[in-house]
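A.B. asks: What follows is run05.pdb, made up of PDB, C-alpha atoms and all ligand atoms:
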ATOM      1  CA  MET E   1      26.831  -3.421  46.498  1.00  0.00           C
ATOM      2  CA  SER E   2      26.542  -1.076  49.394  1.00  0.00           C
ATOM      3  CA  VAL E   3      29.223   0.941  51.097  1.00  0.00           C
ATOM      4  CA  TYR E   4      29.304   2.537  54.497  1.00  0.00           C
ATOM      5  CA  LYS E   5      31.468   5.286  55.928  1.00  0.00           C
ATOM      6  CA  TYR E   6      31.773   6.346  59.495  1.00  0.00           C
ATOM      7  CA  ARG E   7      31.951  10.105  59.932  1.00  0.00           C
ATOM      8  CA  CYS E   8      32.796  12.029  63.098  1.00  0.00           C
ATOM      9  CA  ASP E   9      31.939  15.710  62.662  1.00  0.00           C
ATOM     10  CA  LYS E  10      33.556  16.661  65.937  1.00  0.00           C
ATOM     11  CA  CYS E  11      36.949  15.331  64.827  1.00  0.00           C
ATOM     12  CA  GLY E  12      36.367  16.190  61.181  1.00  0.00           C
ATOM     13  CA  ILE E  13      37.249  12.679  60.081  1.00  0.00           C
ATOM     14  CA  THR E  14      35.581  10.362  57.606  1.00  0.00           C
ATOM     15  CA  TRP E  15      36.767   6.786  57.669  1.00  0.00           C
ATOM     16  CA  ASP E  16      37.398   4.714  54.573  1.00  0.00           C
ATOM     17  CA  GLU E  17      34.456   2.997  52.984  1.00  0.00           C
ATOM     18  CA  VAL E  18      33.655  -0.468  54.223  1.00  0.00           C
ATOM     19  CA  SER E  19      31.289  -2.974  52.694  1.00  0.00           C
ATOM     20  CA  THR E  20      29.132  -3.767  55.701  1.00  0.00           C
ATOM     21  CA  LYS E  21      27.334  -1.638  58.221  1.00  0.00           C
ATOM     22  CA  HIS E  22      28.701  -3.874  60.963  1.00  0.00           C
ATOM     23  CA  GLN E  23      32.257  -2.965  59.974  1.00  0.00           C
ATOM     24  CA  ALA E  24      31.422   0.728  60.079  1.00  0.00           C
ATOM     25  CA  GLU E  25      29.837   0.234  63.495  1.00  0.00           C
ATOM     26  CA  LEU E  26      33.024  -1.424  64.743  1.00  0.00           C
ATOM     27  CA  GLU E  27      35.049   1.564  63.546  1.00  0.00           C
ATOM     28  CA  ARG E  28      32.549   3.882  65.194  1.00  0.00           C
ATOM     29  CA  ASP E  29      32.689   2.027  68.499  1.00  0.00           C
ATOM     30  CA  GLN E  30      36.480   1.932  68.434  1.00  0.00           C
ATOM     31  CA  HIS E  31      36.729   5.633  67.670  1.00  0.00           C
ATOM     32  CA  ARG E  32      34.198   6.511  70.343  1.00  0.00           C
ATOM     33  CA  ARG E  33      36.234   4.579  72.890  1.00  0.00           C
ATOM     34  CA  GLU E  34      39.609   5.973  71.837  1.00  0.00           C
ATOM     35  CA  ALA E  35      38.700   9.598  71.160  1.00  0.00           C
ATOM     36  CA  HIS E  36      35.546  10.260  73.131  1.00  0.00           C
ATOM     37  CA  GLY E  37      35.815   8.041  76.182  1.00  0.00           C
ATOM     38  CA  GLY E  38      33.096   5.730  74.936  1.00  0.00           C
ATOM     39  CA  GLY E  39      30.513   8.473  74.454  1.00  0.00           C
ATOM     40  CA  ALA E  40      28.784   9.497  71.282  1.00  0.00           C
ATOM     41  CA  PRO E  41      30.145  12.801  69.936  1.00  0.00           C
ATOM     42  CA  ASP E  42      27.875  15.344  68.268  1.00  0.00           C
ATOM     43  CA  GLY E  43      27.353  14.664  64.605  1.00  0.00           C
ATOM     44  CA  ASP E  44      28.895  11.230  64.357  1.00  0.00           C
ATOM     45  CA  ARG E  45      27.088   8.943  61.982  1.00  0.00           C
ATOM     46  CA  ILE E  46      27.405   6.132  59.540  1.00  0.00           C
ATOM     47  CA  GLU E  47      26.854   7.295  55.994  1.00  0.00           C
ATOM     48  CA  GLY E  48      25.976   4.847  53.345  1.00  0.00           C
ATOM     49  CA  ALA E  49      23.501   2.842  51.439  1.00  0.00           C
ATOM     50  CA  ASP E  50      21.257   1.351  54.038  1.00  0.00           C
ATOM     51  CA  PRO E  51      18.723  -0.765  52.166  1.00  0.00           C
ATOM     52  CA  GLY E  52      16.060   0.352  54.625  1.00  0.00           C
ATOM     53  CA  SER E  53      16.537   4.014  53.785  1.00  0.00           C
ATOM     54  CA  TRP E  54      16.661   3.781  50.021  1.00  0.00           C
ATOM     55  CA  PRO E  55      14.151   5.908  48.196  1.00  0.00           C
ATOM     56  CA  SER E  56      10.880   4.112  47.746  1.00  0.00           C
ATOM     57  CA  ALA E  57       9.566   3.050  44.362  1.00  0.00           C
ATOM     58  CA  SER E  58       7.044   5.896  44.377  1.00  0.00           C
ATOM     59  CA  THR E  59       9.835   8.441  44.911  1.00  0.00           C
ATOM     60  CA  LEU E  60      11.686   6.996  41.936  1.00  0.00           C
ATOM     61  CA  ILE E  61       8.554   7.124  39.772  1.00  0.00           C
ATOM     62  CA  VAL E  62       7.877  10.757  40.708  1.00  0.00           C
ATOM     63  CA  THR E  63      11.485  11.625  39.872  1.00  0.00           C
ATOM     64  CA  LEU E  64      11.195   9.802  36.548  1.00  0.00           C
ATOM     65  CA  VAL E  65       7.970  11.619  35.646  1.00  0.00           C
ATOM     66  CA  ALA E  66       9.577  14.956  36.535  1.00  0.00           C
ATOM     67  CA  VAL E  67      12.552  14.210  34.279  1.00  0.00           C
ATOM     68  CA  VAL E  68      10.260  13.167  31.407  1.00  0.00           C
ATOM     69  CA  LEU E  69       8.181  16.339  31.779  1.00  0.00           C
ATOM     70  CA  LEU E  70      11.328  18.437  31.872  1.00  0.00           C
ATOM     71  CA  LEU E  71      12.572  16.797  28.678  1.00  0.00           C
ATOM     72  CA  ALA E  72       9.195  17.272  27.013  1.00  0.00           C
ATOM     73  CA  TYR E  73       9.145  20.974  27.844  1.00  0.00           C
ATOM     74  CA  SER E  74      12.719  21.545  26.767  1.00  0.00           C
ATOM     75  CA  ARG E  75      11.926  20.225  23.275  1.00  0.00           C
ATOM     76  CA  ARG E  76       9.382  22.898  22.574  1.00  0.00           C
TER      77      ARG E  76
HETATM   78 ZN    ZN X 101      35.575  11.851  67.011  1.00  0.00          ZN
END
Taking this structure as input, can you express it in the form of structure tokens?

C.D. replies:
Amino acid sequence: MSVYKYRCDKCGITWDEVSTKHQAELERDQHRREAHGGGAPDGDRIEGADPGSWPSASTLIVTLVAVVLLLAYSRR
């Protein structure tokens, strides 16, 4: 399950986690309207597990190999 959080750096606020990106976008749009006159403040973003930005399989394999090598070395 993925979670998303809207963060506004300018206001120093992170909103509660929501379960869909759409929900986070609604919070973002509402905050932009109420606090920033509809504009996009510096450093506002939606943090979370976007399936499109997950590490690729090759990244996971490289990480796994690195961990295995590290374990192998530490046993010497
Ligand atoms: Zn703000």

A.B. asks: Report the residues retrieved by the PyMOL selection byres (((chain E and resi 33-49) around 12) and not hetatm) from the displayed file, expressed as a ChimeraX atom specification.

C.D. replies: /E:1-32,50-55

A.B. asks: So how many Å separate atom CA of Arg75 of chain E and atom CA of Thr63 of chain E, to one decimal?

C.D. replies: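 Computed distance, atom CA of Arg75 of chain E to atom CA of Thr63 of chain E, equals 18.7 Å.
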
A.B. asks: Output as lines of an AutoDock Vina configuration file the centre and edge lengths (Å, one decimal) of the box along x, y and z of the file that holds every listed atom of segment 41-48 of chain E after adding 6 Å on each side.

C.D. replies:
center_x = 28.1
center_y = 10.1
center_z = 61.6
size_x = 16.2
size_y = 22.5
size_z = 28.6
